Amino acid sequence: MSDPTSEMEWQLRKLMETAAGDPARQITIEMVRHVARRRMIAAVAAAVAVVLIGGAGAAVAARTAARQQVSATGLPSGVPRYYFEQGFTNSGDHFMSVIRATATGAVTATVRCPGQGSHLRIASIAPVGPHTFFMLCQNPPTAAVSKSRIYGFRLTSSGRVSSYFPVRGGALGTLGAYSLVATPDGSRVAVLVSPGSNGRSSPAEILVIDTRTGGHSLWLGPRKVLGKVYFGFDEASFTGNGKELAILGPARCIRGKNAPKCRSTAGEEVRAYNIAGPGGQLGQGRIVLRQSAIMPISLDYINDAIISLDGSTLTLTEVGGGGLNSGFVEVLAVSTKNSKNRRVIFKMNTGNGFSYRWFSADTLRRHFIIAAGPGRETKNGWINRGRLVPLKPNQGDDISIEAW
Amino acid sequence: MDPKAGEFAAFVELRQRALQRTAWLLTGDRAMAEDLVQTALARTWPHWERIKRRDDPEVYVRRVIVNTWSTWRRRRWRREEAVELVPDSAAPGDVAAEVAVRVAVRSALGALTDRQRAVVVLRVFDDLSEVQVAQVLGCAVGTVKSTMSAALAKLRADSRLADLMERQAR
């Protein structure tokens, strides 16, 4: 008698053979060399740009000084002097996490998860005040998640890592955490937990940690109910007092056989949740913004939403166009009181609409980093009065996390 | 052509088709699979001298492919999909049946976690040993086994896939 598993693997392999089919195009050595050369040129260009920026920076700074207060580093007042960047190494087989100077792009420190011979990698990072970051350290994604731990580190005034420290209450064990956010003073952090992580049949969860006491409060997300609108969790940000979380996610009807009809605009929503208590079941939350109120839901979507510390404004990234040559990325500031009150902070045409990107805000939610653009020409920079000031690496394609 | 370039060119010519097929099973998208293989090969090329000294350089290339794919997946603009243009020519064979298999396999693999998907593709389709899969994914052999077992259990529960396998077995 044949082994049923082997039999299944054999059958599966035959189906996969059929499904994989024949590639439409042959990849030639010339194509590979072209891509490799572009990567090398981009690296050289970045180095040249740093030199040029050094020379041109003084002239630019002199011109902008009349309008903006400029710090000794040549950066406008309040712009973080250093940022965290995690990207691929040249060999492409592992990540490198570094601190870079905003003004020059120079690497001032490398960052790692603490512990001798630690194989943990940084899965998410949150700035907490000037020159301090909290980071979620986890086993690599290719391994079973067996350990998650939140650590912090501080930078010196010259951008070096002065110390690593475990965050109180940050030992998360095998929890399937995937995103870390923090209040500006670092007194409260929240991690989003994947639905059904650790094999449990559970909804999405939010774990809130008081870093002064180490106390945990666990909030259970909404459950999927047939015929009801379900709101999923994609991304969160704290208001300044740490009592509310603004969460971006899709709102959609859960349909099924014999399920009652339900109505949903099927777009993204931002909902505010009060997480000041000891934990429990989260309700439907307060709807702060509906995508349909500000943009078409068929072609565009909101990829990020960060709430201001006073809760009055949402800063959103809108990915739009949908067509092959008409894609764009827009950063919008939208009032939480009246969504008609909005302004465009930055807009970039992405051409073919296929983009990778990163978007994050500083602790005070005043300065934003964005890496966006078409395919292999992704730009990376911070937004200054509607323009993108380049950050290293120039090509945002290789970035997995950026924060300041 | 210098010997290094010649050996690498030969590797690309010989293995690009197999690598693209693996990449399709990971991504479920032809254009992205092509991009993935090109990117992985471009990242491999500068280090080819070192890589080719290994027993099996292809395992290394597959590792770069899986890691690159894993990064692309983690980047949060994953909801965008490259548009695939339909070729304007008659396709040979039973297209409807092929499409049905493609859709079913893509959907079944899509229901797996990233790691489960990588293990199934590398172990079942690429026929790598458990040790090799562990090398590619940078994890323990035991983890490969348990992941494979969980993945097969999930695939077994997929009725469309089960139906196709049953028809195939007849």
# chains A, B, ... in the order shown; residues from 1 in each chain; ligands from 1
>>> interface_residues(of="chain B", to="chain A", cutoff="6 Å", atoms="only C-alpha atoms", output="list of chain:residue names")
B:Ala9, B:Arg21, B:Gln38, B:Ala42, B:Arg43, B:Val64, B:Trp77, B:Val101, B:Arg102, B:Arg115, B:Val124, B:Phe125, B:Leu137, B:Cys139, B:Met165
>>> write_last_selection(atoms="C-alpha atoms", output="PDB file, in the first residue's frame")
ATOM      1  CA  ALA B   9      25.927  32.735 -17.909  1.00  0.00           C
ATOM      2  CA  ARG B  21       8.652  28.225 -12.206  1.00  0.00           C
ATOM      3  CA  GLN B  38      16.191  38.674 -12.105  1.00  0.00           C
ATOM      4  CA  ALA B  42      21.592  40.164  -9.981  1.00  0.00           C
ATOM      5  CA  ARG B  43      22.250  39.928  -6.247  1.00  0.00           C
ATOM      6  CA  VAL B  64      18.098  34.574  -2.142  1.00  0.00           C
ATOM      7  CA  TRP B  77       2.157  47.605  -0.590  1.00  0.00           C
ATOM      8  CA  VAL B 101      -5.399  23.882 -12.305  1.00  0.00           C
ATOM      9  CA  ARG B 102      -3.458  27.152 -12.171  1.00  0.00           C
ATOM     10  CA  ARG B 115       6.806  29.789   5.373  1.00  0.00           C
ATOM     11  CA  VAL B 124       7.431  19.086  -3.281  1.00  0.00           C
ATOM     12  CA  PHE B 125       8.031  21.008  -6.484  1.00  0.00           C
ATOM     13  CA  LEU B 137      15.048  28.830   4.966  1.00  0.00           C
ATOM     14  CA  CYS B 139      15.741  26.885  10.121  1.00  0.00           C
ATOM     15  CA  MET B 165      -5.993  15.334  -7.361  1.00  0.00           C
TER      16      MET B 165
END
>>> residues_around(residues="Val119 of chain B", least_positions_apart="4", cutoff="9 Å", atoms="only C-alpha atoms", output="list of chain:residue names")
B:Asp114, B:Arg115, B:Arg123, B:Val124, B:Glu130, B:Val133, B:Ala134, B:Leu137, B:Val144, B:Lys145, B:Thr147, B:Met148, B:Ala151
>>> write_last_selection(atoms="N, CA and C atoms", output="compact mmCIF listing (two decimals), in the first residue's frame")
# COMPACT_ATOMS: atom_id res chain seq x y z
N ASP B 114 3.45 32.24 4.58
CA ASP B 114 4.62 32.38 3.70
C ASP B 114 5.60 31.21 3.87
N ARG B 115 5.82 30.85 5.13
CA ARG B 115 6.81 29.79 5.37
C ARG B 115 6.29 28.44 4.88
N ARG B 123 10.09 21.75 -1.22
CA ARG B 123 10.16 20.31 -0.92
C ARG B 123 9.44 19.49 -1.98
N VAL B 124 8.23 19.90 -2.35
CA VAL B 124 7.43 19.09 -3.28
C VAL B 124 7.79 19.39 -4.73
N GLU B 130 14.85 17.60 2.97
CA GLU B 130 14.48 18.40 4.15
C GLU B 130 15.66 19.22 4.65
N VAL B 133 16.06 22.20 2.33
CA VAL B 133 15.01 23.20 2.60
C VAL B 133 15.36 23.98 3.87
N ALA B 134 15.85 23.24 4.87
CA ALA B 134 16.24 23.90 6.12
C ALA B 134 17.36 24.90 5.87
N LEU B 137 15.88 27.99 4.10
CA LEU B 137 15.05 28.83 4.97
C LEU B 137 15.75 29.25 6.25
N VAL B 144 11.13 22.23 9.38
CA VAL B 144 10.67 21.95 8.00
C VAL B 144 9.61 20.86 8.04
N LYS B 145 9.90 19.82 8.82
CA LYS B 145 8.96 18.68 8.88
C LYS B 145 7.60 19.12 9.42
N THR B 147 6.36 22.11 9.58
CA THR B 147 5.71 23.08 8.69
C THR B 147 5.08 22.36 7.51
N MET B 148 5.82 21.39 6.98
CA MET B 148 5.31 20.61 5.84
C MET B 148 4.04 19.87 6.23
N ALA B 151 1.23 22.28 6.46
CA ALA B 151 0.84 22.77 5.14
C ALA B 151 0.02 21.72 4.39
>>> residues_around(residues="Gly110 of chain B", least_positions_apart="4", cutoff="9 Å", atoms="only C-alpha atoms", output="list in words")
Leu26, Thr27, Gly28, Val105, Arg106, Asp114 and Arg117 of chain B
>>> select_by_dssp(residues="segment 19-163 of chain B", states="alpha helix (DSSP H)", output="JSON, numbers by chain")
{"B": [19, 20, 21, 22, 23, 24, 25, 26, 27, 30, 31, 32, 33, 34, 35, 36, 37, 38, 39, 40, 41, 42, 43, 44, 48, 49, 50, 51, 52, 57, 58, 59, 60, 61, 62, 63, 64, 65, 66, 67, 68, 69, 70, 71, 72, 73, 74, 95, 96, 97, 98, 99, 100, 101, 102, 103, 104, 105, 106, 107, 108, 109, 110, 114, 115, 116, 117, 118, 119, 120, 130, 131, 132, 133, 134, 135, 136, 137, 141, 142, 143, 144, 145, 146, 147, 148, 149, 150, 151, 152, 153, 154, 155, 156, 159, 160, 161, 162, 163]}
>>> atom_distance(atom1="atom CA of Ile297 of chain A", atom2="atom CA of Gly396 of chain A")
26.6 Å
>>> atom_distance(atom1="atom CA of Leu112 of chain B", atom2="atom CA of Thr71 of chain B")
16.8 Å
>>> decode(residues="segment 30-161 of chain B", atoms="C-alpha atoms", output="mmCIF file, in the first residue's frame")
data_model
loop_
_atom_site.group_PDB
_atom_site.id
_atom_site.type_symbol
_atom_site.label_atom_id
_atom_site.label_comp_id
_atom_site.auth_asym_id
_atom_site.auth_seq_id
_atom_site.Cartn_x
_atom_site.Cartn_y
_atom_site.Cartn_z
ATOM 1 C CA ARG B 30 4.306 35.832 -13.883
ATOM 2 C CA ALA B 31 5.683 39.376 -14.015
ATOM 3 C CA MET B 32 6.622 39.335 -10.357
ATOM 4 C CA ALA B 33 8.198 35.892 -10.707
ATOM 5 C CA GLU B 34 10.374 37.205 -13.530
ATOM 6 C CA ASP B 35 11.334 40.256 -11.477
ATOM 7 C CA LEU B 36 12.074 38.060 -8.490
ATOM 8 C CA VAL B 37 14.422 35.757 -10.397
ATOM 9 C CA GLN B 38 16.191 38.674 -12.105
ATOM 10 C CA THR B 39 16.673 40.443 -8.790
ATOM 11 C CA ALA B 40 17.945 37.289 -7.101
ATOM 12 C CA LEU B 41 20.384 36.553 -9.927
ATOM 13 C CA ALA B 42 21.592 40.164 -9.981
ATOM 14 C CA ARG B 43 22.250 39.928 -6.247
ATOM 15 C CA THR B 44 24.045 36.626 -6.713
ATOM 16 C CA TRP B 45 26.281 37.616 -9.594
ATOM 17 C CA PRO B 46 28.788 39.829 -7.703
ATOM 18 C CA HIS B 47 29.403 36.966 -5.274
ATOM 19 C CA TRP B 48 29.443 34.144 -7.808
ATOM 20 C CA GLU B 49 33.111 33.236 -7.218
ATOM 21 C CA ARG B 50 32.355 32.547 -3.561
ATOM 22 C CA ILE B 51 28.970 30.942 -4.187
ATOM 23 C CA LYS B 52 30.089 28.498 -6.859
ATOM 24 C CA ARG B 53 32.605 27.003 -4.428
ATOM 25 C CA ARG B 54 29.680 25.673 -2.444
ATOM 26 C CA ASP B 55 28.447 22.150 -3.039
ATOM 27 C CA ASP B 56 25.222 23.399 -4.522
ATOM 28 C CA PRO B 57 25.129 27.049 -5.625
ATOM 29 C CA GLU B 58 21.523 26.634 -6.679
ATOM 30 C CA VAL B 59 20.499 26.171 -3.046
ATOM 31 C CA TYR B 60 22.079 29.557 -2.347
ATOM 32 C CA VAL B 61 20.253 31.181 -5.281
ATOM 33 C CA ARG B 62 16.970 29.708 -4.073
ATOM 34 C CA ARG B 63 17.699 31.089 -0.644
ATOM 35 C CA VAL B 64 18.098 34.574 -2.142
ATOM 36 C CA ILE B 65 14.846 34.083 -4.074
ATOM 37 C CA VAL B 66 12.897 33.050 -0.957
ATOM 38 C CA ASN B 67 14.420 35.834 1.156
ATOM 39 C CA THR B 68 13.752 38.464 -1.511
ATOM 40 C CA TRP B 69 10.180 37.232 -1.904
ATOM 41 C CA SER B 70 9.749 37.253 1.854
ATOM 42 C CA THR B 71 10.874 40.894 1.946
ATOM 43 C CA TRP B 72 8.564 41.887 -0.878
ATOM 44 C CA ARG B 73 5.703 40.207 0.982
ATOM 45 C CA ARG B 74 6.469 42.097 4.160
ATOM 46 C CA ARG B 75 6.513 45.425 2.415
ATOM 47 C CA ARG B 76 3.087 46.693 2.972
ATOM 48 C CA TRP B 77 2.157 47.605 -0.590
ATOM 49 C CA ARG B 78 1.309 44.031 -1.138
ATOM 50 C CA ARG B 79 -2.231 44.736 -2.242
ATOM 51 C CA GLU B 80 -1.043 46.033 -5.593
ATOM 52 C CA GLU B 81 -0.640 43.526 -8.325
ATOM 53 C CA ALA B 82 1.237 43.835 -11.583
ATOM 54 C CA VAL B 83 -1.102 43.623 -14.543
ATOM 55 C CA GLU B 84 -0.394 40.680 -16.778
ATOM 56 C CA LEU B 85 -1.095 41.281 -20.449
ATOM 57 C CA VAL B 86 -2.906 38.467 -22.176
ATOM 58 C CA PRO B 87 -0.831 37.168 -25.101
ATOM 59 C CA ASP B 88 -2.605 37.818 -28.390
ATOM 60 C CA SER B 89 -2.162 34.378 -29.862
ATOM 61 C CA ALA B 90 -3.888 31.037 -29.798
ATOM 62 C CA ALA B 91 -2.658 28.865 -26.954
ATOM 63 C CA PRO B 92 -2.011 25.196 -27.554
ATOM 64 C CA GLY B 93 -3.524 22.371 -25.507
ATOM 65 C CA ASP B 94 -6.488 22.306 -23.156
ATOM 66 C CA VAL B 95 -6.321 25.887 -21.946
ATOM 67 C CA ALA B 96 -9.440 25.705 -19.795
ATOM 68 C CA ALA B 97 -8.148 22.718 -17.839
ATOM 69 C CA GLU B 98 -4.738 24.332 -17.383
ATOM 70 C CA VAL B 99 -6.272 27.546 -16.166
ATOM 71 C CA ALA B 100 -8.472 25.628 -13.733
ATOM 72 C CA VAL B 101 -5.399 23.882 -12.305
ATOM 73 C CA ARG B 102 -3.458 27.152 -12.171
ATOM 74 C CA VAL B 103 -6.263 28.939 -10.354
ATOM 75 C CA ALA B 104 -6.766 26.083 -7.904
ATOM 76 C CA VAL B 105 -3.048 25.706 -7.136
ATOM 77 C CA ARG B 106 -2.538 29.446 -6.768
ATOM 78 C CA SER B 107 -5.526 29.746 -4.478
ATOM 79 C CA ALA B 108 -4.508 26.735 -2.369
ATOM 80 C CA LEU B 109 -0.923 27.979 -2.003
ATOM 81 C CA GLY B 110 -2.248 31.449 -1.234
ATOM 82 C CA ALA B 111 -4.071 30.075 1.794
ATOM 83 C CA LEU B 112 -0.783 28.932 3.335
ATOM 84 C CA THR B 113 1.500 31.091 5.443
ATOM 85 C CA ASP B 114 4.623 32.382 3.699
ATOM 86 C CA ARG B 115 6.806 29.789 5.373
ATOM 87 C CA GLN B 116 4.418 26.921 4.640
ATOM 88 C CA ARG B 117 4.237 28.004 1.012
ATOM 89 C CA ALA B 118 8.017 28.161 0.715
ATOM 90 C CA VAL B 119 8.416 24.719 2.303
ATOM 91 C CA VAL B 120 5.824 23.116 0.010
ATOM 92 C CA VAL B 121 7.297 24.664 -3.138
ATOM 93 C CA LEU B 122 10.889 23.789 -2.250
ATOM 94 C CA ARG B 123 10.155 20.311 -0.918
ATOM 95 C CA VAL B 124 7.431 19.086 -3.281
ATOM 96 C CA PHE B 125 8.031 21.008 -6.484
ATOM 97 C CA ASP B 126 11.797 21.563 -6.381
ATOM 98 C CA ASP B 127 12.307 18.182 -4.739
ATOM 99 C CA LEU B 128 14.888 19.507 -2.290
ATOM 100 C CA SER B 129 15.659 17.327 0.702
ATOM 101 C CA GLU B 130 14.478 18.397 4.154
ATOM 102 C CA VAL B 131 18.060 19.342 5.008
ATOM 103 C CA GLN B 132 18.348 21.503 1.890
ATOM 104 C CA VAL B 133 15.009 23.204 2.600
ATOM 105 C CA ALA B 134 16.236 23.903 6.124
ATOM 106 C CA GLN B 135 19.405 25.439 4.639
ATOM 107 C CA VAL B 136 17.406 27.607 2.258
ATOM 108 C CA LEU B 137 15.048 28.830 4.966
ATOM 109 C CA GLY B 138 17.658 29.058 7.687
ATOM 110 C CA CYS B 139 15.741 26.885 10.121
ATOM 111 C CA ALA B 140 15.924 23.459 11.754
ATOM 112 C CA VAL B 141 15.066 20.259 9.877
ATOM 113 C CA GLY B 142 12.403 19.558 12.494
ATOM 114 C CA THR B 143 10.795 22.885 11.684
ATOM 115 C CA VAL B 144 10.674 21.954 8.005
ATOM 116 C CA LYS B 145 8.964 18.682 8.881
ATOM 117 C CA SER B 146 6.352 20.235 11.134
ATOM 118 C CA THR B 147 5.711 23.077 8.687
ATOM 119 C CA MET B 148 5.314 20.615 5.838
ATOM 120 C CA SER B 149 2.905 18.536 7.873
ATOM 121 C CA ALA B 150 0.773 21.569 8.743
ATOM 122 C CA ALA B 151 0.835 22.768 5.140
ATOM 123 C CA LEU B 152 -0.262 19.395 3.761
ATOM 124 C CA ALA B 153 -3.084 19.268 6.293
ATOM 125 C CA LYS B 154 -4.289 22.640 5.046
ATOM 126 C CA LEU B 155 -3.974 21.621 1.395
ATOM 127 C CA ARG B 156 -5.799 18.371 2.094
ATOM 128 C CA ALA B 157 -8.767 20.380 3.319
ATOM 129 C CA ASP B 158 -8.923 22.372 0.065
ATOM 130 C CA SER B 159 -11.871 20.820 -1.769
ATOM 131 C CA ARG B 160 -10.968 22.190 -5.212
ATOM 132 C CA LEU B 161 -7.449 20.829 -4.974
#
